[in-house]
>>> print(open('protein.txt').read())   # compact mmCIF, C-alpha atoms
# COMPACT_ATOMS: atom_id res chain seq x y z
CA MET A 1 -11.59 2.14 11.92
CA ASP A 2 -10.15 0.27 14.92
CA LEU A 3 -12.07 -0.70 18.04
CA ASP A 4 -10.95 2.23 20.20
CA THR A 5 -11.90 4.93 17.70
CA SER A 6 -15.20 3.18 16.98
CA ASP A 7 -16.03 3.21 20.69
CA TRP A 8 -15.10 6.89 20.88
CA LEU A 9 -17.32 7.74 17.91
CA ALA A 10 -20.20 5.79 19.46
CA ARG A 11 -19.90 7.86 22.65
CA ILE A 12 -19.57 11.22 20.91
CA ASP A 13 -22.17 10.75 18.15
CA PRO A 14 -24.20 7.58 18.86
CA ALA A 15 -26.85 8.23 16.21
CA TYR A 16 -24.29 8.55 13.45
CA ASP A 17 -22.32 5.55 14.67
CA GLN A 18 -25.45 3.40 14.79
CA ALA A 19 -26.27 4.34 11.19
CA ARG A 20 -22.65 3.67 10.15
CA ARG A 21 -22.65 0.24 11.79
CA HIS A 22 -25.95 -0.66 10.12
CA LEU A 23 -24.56 0.25 6.71
CA ALA A 24 -21.36 -1.71 7.39
CA ARG A 25 -23.41 -4.80 8.36
CA LEU A 26 -25.35 -4.59 5.10
CA VAL A 27 -22.06 -4.57 3.17
CA GLU A 28 -19.96 -6.97 5.24
CA ALA A 29 -22.55 -9.42 6.63
CA PRO A 30 -25.53 -9.45 4.25
CA ALA A 31 -28.31 -11.99 4.76
CA ALA A 32 -28.37 -13.36 1.20
CA PRO A 33 -25.44 -11.90 -0.76
CA ALA A 34 -25.08 -12.33 -4.51
CA LEU A 35 -21.39 -11.47 -4.09
CA ALA A 36 -19.72 -13.75 -1.54
CA VAL A 37 -18.50 -12.10 1.66
CA LYS A 38 -14.90 -13.16 1.00
CA TYR A 39 -14.91 -11.16 -2.23
CA ARG A 40 -16.49 -8.17 -0.50
CA GLU A 41 -13.64 -8.27 2.02
CA ILE A 42 -11.01 -8.61 -0.72
CA ILE A 43 -12.46 -5.56 -2.47
CA GLN A 44 -12.27 -3.52 0.73
CA ALA A 45 -8.69 -4.67 1.32
CA VAL A 46 -7.70 -3.64 -2.20
CA VAL A 47 -9.16 -0.15 -1.79
CA LEU A 48 -7.36 0.23 1.54
CA GLY A 49 -4.13 -0.92 -0.10
CA CYS A 50 -4.58 1.74 -2.77
CA ARG A 51 -4.90 4.30 0.02
CA ALA A 52 -1.99 2.89 2.07
CA ASN A 53 -4.38 2.47 5.00
CA PRO A 54 -3.30 0.05 7.78
CA ALA A 55 -6.92 -1.02 8.31
CA ILE A 56 -6.11 -3.33 5.39
CA GLU A 57 -5.08 -6.00 7.92
CA THR A 58 -8.56 -6.39 9.39
CA HIS A 59 -10.10 -6.95 5.98
CA LEU A 60 -7.36 -9.34 4.85
CA ARG A 61 -8.05 -11.43 7.94
CA SER A 62 -11.81 -11.20 7.40
CA ALA A 63 -11.38 -12.35 3.79
CA LEU A 64 -9.38 -15.36 4.97
CA ALA A 65 -11.92 -16.13 7.69
CA ALA A 66 -14.68 -15.98 5.07
CA GLY A 67 -12.99 -18.68 3.00
CA SER A 68 -10.48 -16.89 0.81
CA ASN A 69 -6.83 -17.91 0.51
CA LEU A 70 -3.65 -15.93 0.05
CA ARG A 71 -3.33 -16.63 -3.67
CA GLU A 72 -6.81 -15.24 -4.38
CA ILE A 73 -5.96 -12.08 -2.46
CA LEU A 74 -2.59 -11.70 -4.18
CA GLU A 75 -4.21 -11.97 -7.60
CA ALA A 76 -6.75 -9.30 -6.66
CA PHE A 77 -3.93 -6.88 -5.89
CA GLN A 78 -2.20 -7.82 -9.12
CA ALA A 79 -5.40 -6.84 -10.95
CA ALA A 80 -5.54 -3.53 -9.05
CA VAL A 81 -2.03 -2.69 -10.28
CA VAL A 82 -3.35 -2.25 -13.83
CA LEU A 83 -5.51 0.69 -12.76
CA ASP A 84 -3.87 2.05 -9.62
CA GLY A 85 -0.18 1.25 -10.01
CA PHE A 86 2.33 -0.89 -8.14
CA PRO A 87 2.14 1.01 -4.81
CA ALA A 88 -1.17 -0.72 -4.03
CA LEU A 89 0.48 -4.12 -4.35
CA HIS A 90 3.70 -2.99 -2.70
CA TYR A 91 1.81 -1.70 0.33
CA ALA A 92 -0.11 -4.97 0.69
CA LEU A 93 2.88 -7.29 0.32
CA PRO A 94 4.29 -6.94 3.89
CA PHE A 95 0.85 -7.82 5.29
CA LEU A 96 0.53 -10.80 2.96
CA MET A 97 4.05 -11.94 3.83
CA ALA A 98 3.30 -11.71 7.56
CA LEU A 99 0.08 -13.72 7.15
CA HIS A 100 1.97 -16.34 5.14
CA GLN A 101 4.52 -16.58 7.94
CA GLU A 102 1.77 -16.80 10.57
CA PHE A 103 -0.25 -19.58 8.91
CA GLY A 104 2.38 -21.32 6.76
CA ASP A 105 1.87 -22.75 3.29
CA ALA A 106 -1.63 -23.96 4.21
CA ILE A 107 -2.80 -20.38 3.60
CA LEU A 108 -2.16 -20.87 -0.12
CA GLY A 109 -4.60 -23.78 -0.43
CA GLU A 110 -8.19 -23.59 -1.61
CA LYS A 111 -9.51 -25.22 1.58
CA PHE A 112 -7.77 -22.87 4.01
CA VAL A 113 -10.04 -21.06 6.49
CA ALA A 114 -8.50 -18.69 9.02
CA PRO A 115 -9.90 -18.07 12.52
CA ALA A 116 -12.67 -15.50 12.80
CA VAL A 117 -11.55 -11.93 13.36
CA THR A 118 -12.19 -10.69 16.90
CA PRO A 119 -11.28 -7.49 18.77
CA HIS A 120 -8.37 -9.44 20.25
CA SER A 121 -7.03 -10.87 16.99
CA LYS A 122 -3.27 -10.78 16.60
CA LYS A 123 -1.95 -7.63 14.97
CA LEU A 124 0.74 -7.99 12.33
CA SER A 125 4.09 -6.34 12.84
CA THR A 126 4.92 -5.31 9.29
CA GLY A 127 6.62 -1.96 9.70
CA PRO A 128 6.89 0.38 6.72
CA VAL A 129 7.67 -0.91 3.26
CA SER A 130 11.37 -1.74 3.33
CA ARG A 131 14.05 0.09 1.39
CA GLY A 132 15.60 -3.28 0.57
CA MET A 133 12.55 -4.28 -1.48
CA ARG A 134 12.38 -7.66 0.25
CA GLU A 135 8.67 -7.67 -0.55
CA TRP A 136 9.39 -8.10 -4.25
CA ALA A 137 11.61 -11.10 -3.48
CA TRP A 138 8.68 -12.73 -1.71
CA LEU A 139 6.42 -11.99 -4.68
CA ASP A 140 8.98 -13.56 -7.02
CA LYS A 141 8.86 -16.72 -4.91
CA MET A 142 5.05 -16.79 -4.86
CA ASP A 143 4.41 -15.89 -8.50
CA PRO A 144 7.63 -15.83 -10.56
CA ASP A 145 5.93 -15.35 -13.94
CA TYR A 146 4.08 -12.25 -12.74
CA ASP A 147 7.14 -10.80 -11.04
CA ARG A 148 9.28 -11.36 -14.14
CA ALA A 149 6.75 -9.42 -16.22
CA ARG A 150 6.63 -6.70 -13.56
CA ARG A 151 10.42 -6.35 -13.66
CA ASP A 152 10.38 -6.17 -17.44
CA ILE A 153 7.98 -3.21 -17.50
CA THR A 154 9.62 -1.36 -14.59
CA ALA A 155 13.00 -1.68 -16.34
CA LEU A 156 11.52 0.14 -19.33
CA VAL A 157 10.35 2.93 -17.01
CA TRP A 158 13.30 3.30 -14.63
CA THR A 159 16.32 2.32 -16.76
CA PRO A 160 15.43 3.20 -20.37
CA ALA A 161 18.16 3.04 -23.01
CA ALA A 162 17.44 6.38 -24.70
CA PRO A 163 14.74 8.27 -22.78
CA ALA A 164 13.09 11.41 -24.08
CA LEU A 165 12.09 12.23 -20.49
CA PRO A 166 15.18 12.29 -18.23
CA VAL A 167 15.32 9.65 -15.50
CA LYS A 168 15.49 12.35 -12.82
CA ILE A 169 12.14 13.72 -14.03
CA ARG A 170 10.67 10.22 -14.20
CA GLU A 171 11.68 9.83 -10.55
CA LEU A 172 10.20 13.22 -9.70
CA VAL A 173 6.89 12.11 -11.24
CA ALA A 174 7.04 8.98 -9.09
CA CYS A 175 7.81 11.13 -6.04
CA VAL A 176 4.78 13.38 -6.37
CA VAL A 177 2.49 10.39 -6.91
CA LEU A 178 3.90 8.67 -3.82
CA ALA A 179 3.62 11.87 -1.77
CA TYR A 180 -0.01 12.19 -2.86
CA ARG A 181 -0.61 8.60 -1.79
CA VAL A 182 1.26 9.06 1.53
CA PHE A 183 3.44 6.10 0.56
CA PRO A 184 6.74 5.46 2.43
CA THR A 185 8.81 4.44 -0.61
CA LEU A 186 8.84 8.15 -1.42
CA ASP A 187 12.22 8.31 0.33
CA GLY A 188 13.87 5.88 -2.08
CA HIS A 189 12.60 7.69 -5.17
CA LEU A 190 13.65 11.11 -3.85
CA ARG A 191 17.13 9.72 -3.25
CA ARG A 192 17.37 8.18 -6.69
CA ALA A 193 16.23 11.47 -8.26
CA ILE A 194 19.14 13.17 -6.47
CA ARG A 195 21.57 10.51 -7.69
CA GLU A 196 20.23 11.01 -11.23
CA GLY A 197 21.09 14.71 -11.07
CA ALA A 198 18.09 16.43 -9.51
CA SER A 199 18.59 19.10 -6.89
CA VAL A 200 16.65 19.33 -3.65
CA ARG A 201 15.24 22.61 -4.96
CA GLU A 202 13.91 20.89 -8.08
CA LEU A 203 12.28 18.20 -5.98
CA LEU A 204 10.76 20.76 -3.63
CA GLU A 205 9.32 22.79 -6.50
CA GLY A 206 7.91 19.65 -8.08
CA VAL A 207 6.12 18.73 -4.85
CA GLU A 208 4.92 22.33 -4.48
CA ALA A 209 3.41 22.12 -7.97
CA ALA A 210 1.72 18.81 -7.10
CA SER A 211 0.21 20.33 -3.96
CA LEU A 212 -2.01 22.63 -6.04
CA PRO A 213 -4.17 19.86 -7.53
CA GLY A 214 -3.39 17.39 -4.75
CA GLY A 215 -3.70 19.62 -1.69
CA PHE A 216 -1.12 20.74 0.87
CA PRO A 217 -0.97 17.31 2.54
CA VAL A 218 1.17 16.29 -0.49
CA LEU A 219 3.75 18.91 0.47
CA HIS A 220 3.37 18.25 4.19
CA TYR A 221 4.09 14.54 3.76
CA ALA A 222 7.13 15.11 1.54
CA LEU A 223 8.83 17.83 3.61
CA PRO A 224 10.38 15.61 6.33
CA PHE A 225 11.94 13.38 3.65
CA LEU A 226 13.29 16.39 1.75
CA ASN A 227 14.57 17.96 4.95
CA ASP A 228 16.49 14.81 5.91
CA ILE A 229 18.03 14.50 2.45
CA HIS A 230 18.99 18.17 2.45
CA ASP A 231 20.66 17.81 5.85
CA GLU A 232 22.60 14.75 4.66
CA ILE A 233 23.79 16.57 1.53
CA GLU A 234 24.87 19.56 3.61
CA ALA A 235 26.73 17.29 6.02
CA GLY A 236 28.35 15.29 3.22
CA THR A 237 26.77 12.03 4.41
CA PHE A 238 24.29 11.49 1.57
CA ALA A 239 24.74 8.04 0.06
>>> encode(input="protein.txt", output="structure tokens")
Amino acid sequence: MDLDTSDWLARIDPAYDQARRHLARLVEAPAAPALAVKYREIIQAVVLGCRANPAIETHLRSALAAGSNLREILEAFQAAVVLDGFPALHYALPFLMALHQEFGDAILGEKFVAPAVTPHSKKLSTGPVSRGMREWAWLDKMDPDYDRARRDITALVWTPAAPALPVKIRELVACVVLAYRVFPTLDGHLRRAIREGASVRELLEGVEAASLPGGFPVLHYALPFLNDIHDEIEAGTFA
């Protein structure tokens, strides 16, 4: 929660906000922690990455200020991939790239300590995850062995030699997961599903099916992407 919304909550419901702040202090600034604060902040950043929540930046900066470095954080997200999938890492990468650019290679070292986070700390300008996948190129530079292994497994999923499950359906599965996660690379997977032979109707019905267990926000998030693709197909401009 950013400063403005926290102030608003404190004005509207001060008792609740006071209790919330007390709980947050116990978690984020304990008197004698068994688990170091930097690891507590990394854990919070990972969960926010899994949820595609932009509050991730505050906790990444707090982890760095508490004595973590960029490589520790990157490896935490790599661990999260095993259980939550690549979107968690993919969402975090633009933030990690921007921090690397801000602080330089010193951020990779064990002795790096970033400035303390304040209400006036610089905000990163990351934008949405890019269609060009430039984030993966940065990961390849930072950790080539990991990225090579990642590419090996994704090739088995996205470009199989003799799949039992058609690629268009594999992409549809990816689409509903990304819509559920409110993740912006949904657009690229919808488009690839079309190129692999899916119709807009098939994609729509798949998202409608996902909205039963996942809730109508799944459908609501996907509709603008589907609408744009449908308009492009109708106009003959879909690429």
>>> atom_distance(input="protein.txt", atom1="CA of Pro163 in chain A", atom2="CA of Leu89 in chain A")
26.4 Å
>>> atom_distance(input="protein.txt", atom1="CA of Val167 in chain A", atom2="CA of Ile233 in chain A")
20.2 Å
>>> closest_atom_pairs(input="protein.txt", of="range 56-109 of chain A", to="range 147-158 of chain A", cutoff="12 Å", atoms="only C-alpha atoms", output="tab-separated table")
residue	atom	partner	partner_atom	distance
A:Leu74	CA	A:Asp147	CA	11.9
A:Glu75	CA	A:Asp147	CA	11.9
A:Gln78	CA	A:Arg150	CA	9.9
A:Val81	CA	A:Arg150	CA	10.1
A:Val82	CA	A:Arg150	CA	10.9
A:Gly85	CA	A:Arg150	CA	11.1
A:Phe86	CA	A:Arg150	CA	9.0
A:Leu89	CA	A:Arg150	CA	11.4
A:His90	CA	A:Arg150	CA	11.8
>>> residues_around(input="protein.txt", residues="Val37 in chain A", least_positions_apart="3", cutoff="8 Å", atoms="all atoms listed in the file", output="CSV table (one decimal) with C-alpha atoms, in the coordinates of the input")
chain,number,residue,atom,x,y,z
A,28,GLU,CA,-20.0,-7.0,5.2
A,29,ALA,CA,-22.6,-9.4,6.6
A,30,PRO,CA,-25.5,-9.4,4.2
A,33,PRO,CA,-25.4,-11.9,-0.8
A,40,ARG,CA,-16.5,-8.2,-0.5
A,41,GLU,CA,-13.6,-8.3,2.0
A,63,ALA,CA,-11.4,-12.4,3.8
A,66,ALA,CA,-14.7,-16.0,5.1
>>> closest_residue(input="protein.txt", among="A:Val46, A:Ala10, A:Arg61, A:Ala34", to="Leu83 in chain A", atoms="all atoms listed in the file")
A:Val46
>>> closest_residue(input="protein.txt", among="A:Glu102, A:Glu72, A:Asp231, A:Glu57", to="Lys38 in chain A", atoms="only C-alpha atoms")
A:Glu72
>>> residues_around(input="protein.txt", residues="Gly104 in chain A", least_positions_apart="6", cutoff="12 Å", atoms="only C-alpha atoms", output="short mmCIF file (atom, residue, chain, number, x, y, z; two decimals) with C-alpha atoms, keeping the file's coordinate frame")
data_model
loop_
_atom_site.label_atom_id
_atom_site.label_comp_id
_atom_site.auth_asym_id
_atom_site.auth_seq_id
_atom_site.Cartn_x
_atom_site.Cartn_y
_atom_site.Cartn_z
CA ASN A 69 -6.83 -17.91 0.51
CA LEU A 70 -3.65 -15.93 0.05
CA LEU A 96 0.53 -10.80 2.96
CA MET A 97 4.05 -11.94 3.83
CA ALA A 98 3.30 -11.71 7.56
CA PHE A 112 -7.77 -22.87 4.01
CA ALA A 114 -8.50 -18.69 9.02
#
>>> atom_distance(input="protein.txt", atom1="CA of Ala92 in chain A", atom2="CA of Val182 in chain A")
14.1 Å
>>> residues_around(input="protein.txt", residues="Lys168 in chain A", least_positions_apart="6", cutoff="8 Å", atoms="all atoms listed in the file", output="list of chain:residue names")
A:Arg192, A:Ala193, A:Ile194, A:Glu196, A:Gly197, A:Ala198
>>> closest_residue(input="protein.txt", among="A:Ala15, A:Ala24, A:Ala80, A:Leu190", to="Ile43 in chain A", atoms="all atoms listed in the file")
A:Ala80
>>> closest_residue(input="protein.txt", among="A:Leu223, A:Ala88, A:Ala32, A:Ala235", to="Ala52 in chain A", atoms="only C-alpha atoms")
A:Ala88
>>> closest_residue(input="protein.txt", among="A:Ser199, A:Asn53, A:Ser68, A:Ser6", to="Glu110 in chain A", atoms="all atoms listed in the file")
A:Ser68
>>> closest_residue(input="protein.txt", among="A:Ile229, A:Leu26, A:Ala222, A:Val173", to="Arg195 in chain A", atoms="all atoms listed in the file")
A:Ile229
